[in-house]
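Heads up: the structure comes next, in structure tokens.
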Amino acid sequence: MKHFKLAVIAGDGIGTEVMDEGIKVLKYYLEKTGYATVSFDYFPWGCEYYHKTGEMMPENGLEILKDYDSILLGAVGYPGVPDHISLRDLLLKIRQGFDQAVNLRPIKLLNGAPCPLKFKTPEMIDFVVIRENVEGEYAGNGYFENRGTDAEVAYQTGVFTRKNTDRIMRYAFDLAQKSEKGKKLTSVTKSNALNYSMVFWDERFKAIAADYPGVKTENNHVDAISMYFIQRPESFDVVVASNLFGDIITDLGAALQGGLGFAASANLNIEGTYPSMFEPVHGSAPEIAGKQVANPMAMIWTVKLLLDHLLPAYKHDSIVDAIEKTLVDAKTLTPDLGGTAKTAAVGDAICQALTF
Ligand code: NAD
Ligand code: IPM
Ligand code: MN
């Protein structure tokens, strides 16, 4: 039987609470299916660690993580540590350091989830966003001029290499080609205003599309697609976006699914040189942390993405089915879904709802 060694960074705020439930479901699922055994090493990295040590993770953190099969991350960031430090020195360092070039984020409305759109049904909201994950505006390049004076200027330089742009687009085209839905790929652009990065993005999209004659293509500006997500979510199949645009539209996508409590993500190193990392889209939600009221469904859905990655020979849809059953039963729901259940009770209910 296969054995997987996982690194766990539960992180800050509700990260630790939802992580417990993700691991609970993962252990139960693997015990019942017998697909694999798994062991966990926990790393207490995050904002508390920063307060004690002055760093978000040890200097050799990537070296420590590099031989794990995958990484599970809860959430990072907490008041008291500036967000650009906590996030850049841990989460973004791992994404970029391990060349996790693809950020895969499913947008799928389940039965029983509170979609804010009156006329949309679960059949109509089911697509995936492929977000470039290592460069763009997140590359971390920039500088200040005349700091502290009236002539102050801040520059943040986006970086779009052909290597990474082509890689994310090829991944998205491959996915669209395999899709049973529409074999359609939508590219998110803003080339009407961004005359370098997005003009280049459009050029590469067009060039790579030539290799995929079976995939229908569409270009939407990021402002327009924000409206189309609301008006016609049913028209999307696979959506490919730059790092920043992908970040923004996936919170909008989360809203279509019923909130951040449902949004899962996989940060994939597609070459397999380094471990991939799995984390919910949401943050540490400091205002609800420590109360056992966070919805763990996004973390549990994220475990399904981890299983898809580690054990691709099997289908793991039963995990999402169990989340759906829990929603439809509506007995064990956290306050974001109108219930009074505790985070741990939702994890228990999802284990109970699993069928093998
Ligand atoms: P957030 O995702 O933490 O919270 C946004 C809103 O959604 C809040 O109202 C919160 O209560 C709610 N929410 C989020 N997850 C929930 C869940 N599982 N169940 C119920 N409600 C949930 O975003 P924010 O408030 O912008 O950021 C808070 C901190 O988290 C900041 O430090 C930010 O930088 C960080 N952050 C980290 C990650 C990450 O680690 N991947 C992602 C986003 C934000
Ligand atoms: C996400 C988050 C991160 C991002 C932040 C916390 C750096 O918002 O994973 O969506 O912008 O990528
Ligand atoms: Mn985000």
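Here, A, B, ... name the chains of the structure tokens in the order displayed, residue numbers run from 1 inside each chain, and ligands are numbered from 1 in the same displayed order.
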
With only C-alpha atoms as the counted atoms, please give the residues lying no more than 6 Å from range 333-350 of chain A, apart from itself and same-chain residues fewer than 2 positions off, as a compact mmCIF listing (two decimals) with N, CA and C atoms, in the first residue's frame.
```
# COMPACT_ATOMS: atom_id res chain seq x y z
N GLU A 21 -10.29 19.48 11.10
CA GLU A 21 -11.41 18.78 10.43
C GLU A 21 -10.96 18.18 9.09
N GLN A 292 -14.65 28.14 17.29
CA GLN A 292 -15.23 26.93 16.70
C GLN A 292 -16.48 27.23 15.88
N VAL A 293 -16.46 28.35 15.17
CA VAL A 293 -17.61 28.67 14.31
C VAL A 293 -17.25 28.69 12.83
N ALA A 294 -15.95 28.50 12.52
CA ALA A 294 -15.55 28.53 11.11
C ALA A 294 -16.10 27.32 10.37
N ASN A 295 -16.45 27.55 9.13
CA ASN A 295 -16.93 26.46 8.28
C ASN A 295 -15.72 25.68 7.74
N ALA A 322 -20.37 14.04 0.28
CA ALA A 322 -20.66 14.03 1.73
C ALA A 322 -20.87 15.47 2.24
N ILE A 323 -20.13 16.42 1.67
CA ILE A 323 -20.36 17.83 2.05
C ILE A 323 -21.79 18.21 1.63
N GLN A 352 -19.59 11.02 8.81
CA GLN A 352 -20.78 10.16 8.87
C GLN A 352 -21.47 10.06 7.52
N ALA A 353 -21.42 11.16 6.76
CA ALA A 353 -22.13 11.19 5.48
C ALA A 353 -21.35 10.51 4.36
```

>> Which residues are near ligand 3 - at most 8 Å, using only C-alpha atoms and all ligand atoms? Format: as a list of chain:residue names.
In response: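 Residues satisfying the distance criterion: A:Asp247, A:Ile248, A:Thr250, A:Asp251, A:Val281, A:His282, A:Gly283.
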
> In Å, with one decimal, what is the gap from CA of Ser284 in chain A to CA of Ile71 in chain A?
Replying inline: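 The value is 17.5 Å.
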
Show me which residues are within 7 Å of ligand 1 counting only C-alpha atoms and all ligand atoms, and format the list as a PDB file with C-alpha atoms, in the first residue's frame.
```pdb
ATOM      1  CA  GLY A  74      -4.767  26.211   6.828  1.00  0.00           C
ATOM      2  CA  ALA A  75      -4.440  30.005   6.683  1.00  0.00           C
ATOM      3  CA  VAL A  76      -1.824  32.616   7.387  1.00  0.00           C
ATOM      4  CA  GLY A  77      -2.048  36.194   8.671  1.00  0.00           C
ATOM      5  CA  TYR A  78      -3.081  37.785  11.931  1.00  0.00           C
ATOM      6  CA  PRO A  79      -3.400  41.315  13.316  1.00  0.00           C
ATOM      7  CA  ASP A  83       0.122  41.112   6.060  1.00  0.00           C
ATOM      8  CA  LEU A  87       2.024  36.256   3.587  1.00  0.00           C
ATOM      9  CA  LEU A  91       2.579  31.342   1.874  1.00  0.00           C
ATOM     10  CA  LEU A 260     -15.489  31.328   1.302  1.00  0.00           C
ATOM     11  CA  GLY A 261     -16.521  28.368   3.428  1.00  0.00           C
ATOM     12  CA  GLU A 279      -5.161  25.168   1.133  1.00  0.00           C
ATOM     13  CA  PRO A 280      -8.608  26.696   1.318  1.00  0.00           C
ATOM     14  CA  VAL A 281      -8.986  30.024  -0.499  1.00  0.00           C
ATOM     15  CA  HIS A 282     -10.062  31.819   2.672  1.00  0.00           C
ATOM     16  CA  GLY A 283      -7.823  33.520   5.200  1.00  0.00           C
ATOM     17  CA  SER A 284      -7.468  33.322   8.959  1.00  0.00           C
ATOM     18  CA  ALA A 285     -10.730  35.236   9.629  1.00  0.00           C
ATOM     19  CA  PRO A 286      -9.468  36.766  12.907  1.00  0.00           C
ATOM     20  CA  GLU A 287     -12.890  38.073  13.914  1.00  0.00           C
ATOM     21  CA  ILE A 288     -14.353  34.570  14.181  1.00  0.00           C
ATOM     22  CA  VAL A 293     -17.613  28.668  14.313  1.00  0.00           C
ATOM     23  CA  ALA A 294     -15.547  28.532  11.109  1.00  0.00           C
ATOM     24  CA  ASN A 295     -16.933  26.461   8.278  1.00  0.00           C
ATOM     25  CA  PRO A 296     -14.458  23.627   7.577  1.00  0.00           C
ATOM     26  CA  ALA A 298     -13.478  24.510   2.133  1.00  0.00           C
ATOM     27  CA  ASP A 336     -22.166  31.358   7.966  1.00  0.00           C
TER      28      ASP A 336
END
```

>> Set the distance at 8 Å and use only C-alpha atoms: which residues neighbour Asp166 in chain A once local chain neighbours fewer than 5 positions away are removed? I'd like the list as number ranges by chain.
In response: A: 204-205, 208

Hey, can you spit out that residue selection with C-alpha atoms as a PDB file, in the first residue's frame?
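As written to disk, part.pdb reads:
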```pdb
ATOM      1  CA  ARG A 204       0.518  33.919 -25.913  1.00  0.00           C
ATOM      2  CA  PHE A 205      -3.101  32.811 -25.530  1.00  0.00           C
ATOM      3  CA  ILE A 208      -1.095  28.424 -27.839  1.00  0.00           C
TER       4      ILE A 208
END
```

> Please, what distance in Å, to one decimal, runs between CA of Tyr171 in chain A and CA of Tyr138 in chain A?
Replying inline: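 Computed distance, CA of Tyr171 in chain A to CA of Tyr138 in chain A, equals 19.9 Å.
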
>> Please list as a ChimeraX atom specification every residue within 7 Å of range 60-69 of chain A, counting only C-alpha atoms and excluding residues in the same chain fewer than 5 positions away.
In response: /A:4-7,94,274-275

>> Env of Asn141 in chain A: 8 Å cut, atoms = only C-alpha atoms, seq-sep filter 2 positions within chain, self excluded. Answer as a ChimeraX atom specification.
In response: /A:138-139,143,156-158

> Residues of range 82-231 of chain A in alpha helix (DSSP H) according to DSSP, as an NGL selection string?
Replying inline: :A and (83-86 or 92-97 or 162-178 or 197-209 or 222-231)
